[in-house]
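Just below is one structure, and these are the notes that go with it.
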Amino acid sequence: MTITNELEAHIVRLYHVEKWRCGTIARQLHVHRDTVRRVLAQAGLPRPGPERRSMIDPYLPFILQTLEKFPTLTASRLHAMVRERGYAGAPSQFRHQIALHRPRPPAEAFLRLRTLAGEQGQVDWGHFGHLQIGRARRPLMAFVMVLSYSRAIYLRFFLDARMENFLRGHVGAFDSWDGLPRVLLYDNLKSAVLERQGDAIRFHPTLLAFAAHYRFEPRPVAVARGNEKGRVERAIRYVRDAFFAARPFNDLADLNAQAEHWCREQAADRRWPEDDGMRVRDALASERPRLLRLPANPYVTEEVVTVKAGKTPYVRFDLNDYSIPHTHVRCVLTVRAGPDLVRVFDGAAVIASHTRSHDAKVQIEQHEHIDALVAHKRQARQHRGVNSLTRAVPACAELLVQAAERGANIGSLSASLLRLLDRYGAAELELAVREALTAGVPHPNAVRLALERRRGARGHPPPVALVLPEHVRRKDTPVRPHRLDSYDQLNQGAYDDEQEQS
């Protein structure tokens with residue numbers, strides 16, 4: 001427990017002048033007894049209370065020798081070792097005693113790091129809870145970049161910490177400052193360092209390509225050396241306390257708009273640590289001419305994913321389905337997604353473009369994609385009917401051609417001819433169609449009249465449709481009568497009950 005200097009002085013005075021016991025001091029000042037004993041021991045006063053021997057005293061030489069060789073050995077392992085040598089104390093008391101005798105590493109001093117203007121920047125992510133967007137619960141991540149010289153802050157929020165958003169944060173910071181530092185420091189982020197063994201580091205290849213495009217040096221800090229990027233860590237704490245705490249916002253766009261305004265105004269107006277007479281905005285103005293210039297073409301930060309469309313006209317991307325033309329089902333396609341737009345490519349051709357949704361399990365559609373599929377299905381049904389008709393009755397092909405030239409509806413015409421085919425058969429329909437073509441009337445009514453004339457001439461009865469409507473076929477369903485003796489059994493049971501009651 002850390003206490004103030006005034007409280008330490010108060011404890012020493014109460015013990016030395018007022019002769020209070022340690023327990024009384026602890027109760028009245030609301031501190032722990034061990035804290036009181038520690039303060040008195042640090043003040044050079046004798047340890048309060050009579051000295052009592054502890055069960056651990058005979059084993060202290062062995063424990064101290066072991067800790068000298070292995071300073072990080074756990075108390076539980078030491079307790080097991082001394083129990084084998086005869087110690088009978090409880091683990092909790094032993095752990096407390098070990099904490100008093102364990103050697104402490106000497107405090108490490110750090111030099112204040114100073115950098116030149118335009119030389120260095122520091123980058124890190126901060127986690128700020130989650131956002132509920134429809135049915136999706138997404139993490140709210142803050143990308144923070146700080147210029148080490150001027151302490152200028154760039155802040156932008158994203159819904160994940162993927163590489164694409166990591167690079168978008170960089171590009172936004174560079175555009176905001178109209179330049180970039182020569183070196184950027186990173187913690188051991190997955191977006192920056194894929195693998196590290198001591199001083200051997202394997203950078204993320206996408207980050208290396210990005211750094212080559214903007215001509216800066218990516219440099220990871222040493223392991224367990226948070227002081228090397230303390231500026232960005234303090235900036236994230238500053239964002240939590242001065243910006244994000246108790247701040248209302250409608251959505252991600254509103255939050256980022258407020259963050260941009262905060263960086264330009266409140267964060268830029270804070271005092272510059274190197275000179276009390278200057279503000280951060282003044283230091284940034286002096287640092288801007290020394291930043292690296294931006295390249296003419298910005299780096300492309302779209303997310304590129306290869307997807308395979310199934311049998312439905314949709315592709316799945318980031319928990320949602322986006323519609324595509326039905327001509328590209330069961331194909332391997334490419335999705336290129338930005339913060340607000342999702343585009344689907346077949347090779348180099350754009351086949352669909354949608355507004356990005358951050359919800360989950362949503363179908364984002366373009367009406368022309370669905371309407372084209374519906375029209376194609378109707379046309380396919382019509383084609384299937386025409387193919388079966390012309391295969392059974394070849395003369396129908398010429399009749400359909402002539403009817404189409406006159407502007408007839410091929411779908412209804414082929415449906416009528418198919419019904420005539422079912423009733424009269426292929427041979428009779430072939431002769432009737434040829435008769436209609438000879439008369440120059442390519443219409444189902446002319447075919448039907450020819451069929452009826454031929455039937456009447458032979459004296460045959462009118463044909464009956466082979467497939468009856470459903471409501472007609474249901475009328476002919478046989479009904480099995482119920483056995484009547486079951487009713488007699490019911491009556492017999494009622495009669496027996498009456499006899500028992502009487």
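Residue numbers start at 1 in each chain; chains themselves are named A, B, ... in the order of the structure tokens; ligands are numbered from 1 in the order shown.
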- Message: Quick one: residues within 10 Å of Val393 of chain A, only C-alpha atoms, excluding same-chain residues fewer than 2 positions away - as a PyMOL selection string?
- Response: chain A and resi 387-391+395-397+417-418+421+425-431+433
- For Gly126 of chain A, please output as a list in words all residues within 7 Å (counting only C-alpha atoms; exclusion window: fewer than 4 positions along the same chain). Met141, Ala142, Phe143 and Ile236 of chain A
Pick out the residues sitting within 10 Å of Lys311 of chain A, and hand them over as a CSV table (one decimal) with N, CA and C atoms, in the first residue's frame; count only C-alpha atoms, and ignore anything fewer than 2 positions along from it in its own chain.
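Output file selection_9.csv follows:
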```csv
chain,number,residue,atom,x,y,z
A,308,LYS,N,-15.8,-17.5,-52.9
A,308,LYS,CA,-16.4,-18.4,-53.9
A,308,LYS,C,-17.9,-18.3,-53.7
A,309,ALA,N,-18.6,-17.9,-54.8
A,309,ALA,CA,-20.1,-17.8,-54.8
A,309,ALA,C,-20.7,-19.2,-54.8
A,313,PRO,N,-27.2,-16.1,-55.6
A,313,PRO,CA,-26.4,-15.0,-56.1
A,313,PRO,C,-25.9,-14.1,-55.0
A,314,TYR,N,-25.1,-14.6,-54.1
A,314,TYR,CA,-24.6,-13.8,-53.0
A,314,TYR,C,-23.1,-14.3,-52.7
A,326,HIS,N,-26.6,-13.1,-61.3
A,326,HIS,CA,-26.7,-14.6,-61.3
A,326,HIS,C,-25.8,-15.3,-62.2
A,328,HIS,N,-22.7,-15.1,-62.3
A,328,HIS,CA,-21.4,-15.4,-61.6
A,328,HIS,C,-21.5,-16.3,-60.4
A,329,VAL,N,-22.6,-17.1,-60.4
A,329,VAL,CA,-22.7,-18.1,-59.3
A,329,VAL,C,-21.7,-19.2,-59.5
A,330,ARG,N,-21.3,-19.8,-58.4
A,330,ARG,CA,-20.3,-20.9,-58.4
A,330,ARG,C,-19.0,-20.5,-59.1
A,331,CYS,N,-18.6,-19.2,-58.9
A,331,CYS,CA,-17.4,-18.7,-59.5
A,331,CYS,C,-16.5,-18.2,-58.3
```
- Message: Can you measure atom CA of Ala253 of chain A to atom CA of Asp160 of chain A for me? One decimal in Å is fine.
- Response: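 Spanning atom CA of Ala253 of chain A to atom CA of Asp160 of chain A is a straight-line distance of 14.6 Å.
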- Task: For atom CA of Val31 of chain A and atom CA of Ala90 of chain A, quote the distance in Å rounded to one decimal.
- Result: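 Separation between atom CA of Val31 of chain A and atom CA of Ala90 of chain A: 25.3 Å.
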With only C-alpha atoms as the counted atoms, please give the residues lying no more than 7 Å from segment 272-285 of chain A, apart from itself and same-chain residues fewer than 5 positions off, as a tab-separated table (two decimals) with C-alpha atoms, in the first residue's frame.
```tsv
chain	number	residue	atom	x	y	z
A	150	SER	CA	5.63	18.01	-30.71
A	151	ARG	CA	3.34	15.48	-28.89
A	152	ALA	CA	0.69	16.04	-31.55
```
- Task: Taking the chain letters and numbering used in this document, name the residues of segment 65-130 of chain A that DSSP puts in strand (DSSP E or B), as a PyMOL selection string.
- Result: chain A and resi 120-130
- Would you kindly return, as a PyMOL selection string, each protein, DNA or RNA residue with an atom no farther than 12 Å from any atom of His96 of chain A, considering only C-alpha atoms and excluding same-chain residues fewer than 6 positions away? chain A and resi 34+54+56+75-76+79+89-90+102
- Item | Contacts of Val171 of chain A within 12 Å, only C-alpha atoms, excl. fewer than 4 positions in-chain, as an NGL selection string | :A and (143 or 145 or 154-156 or 164-167 or 175-180 or 210-211 or 213-214 or 294-295 or 297-301)
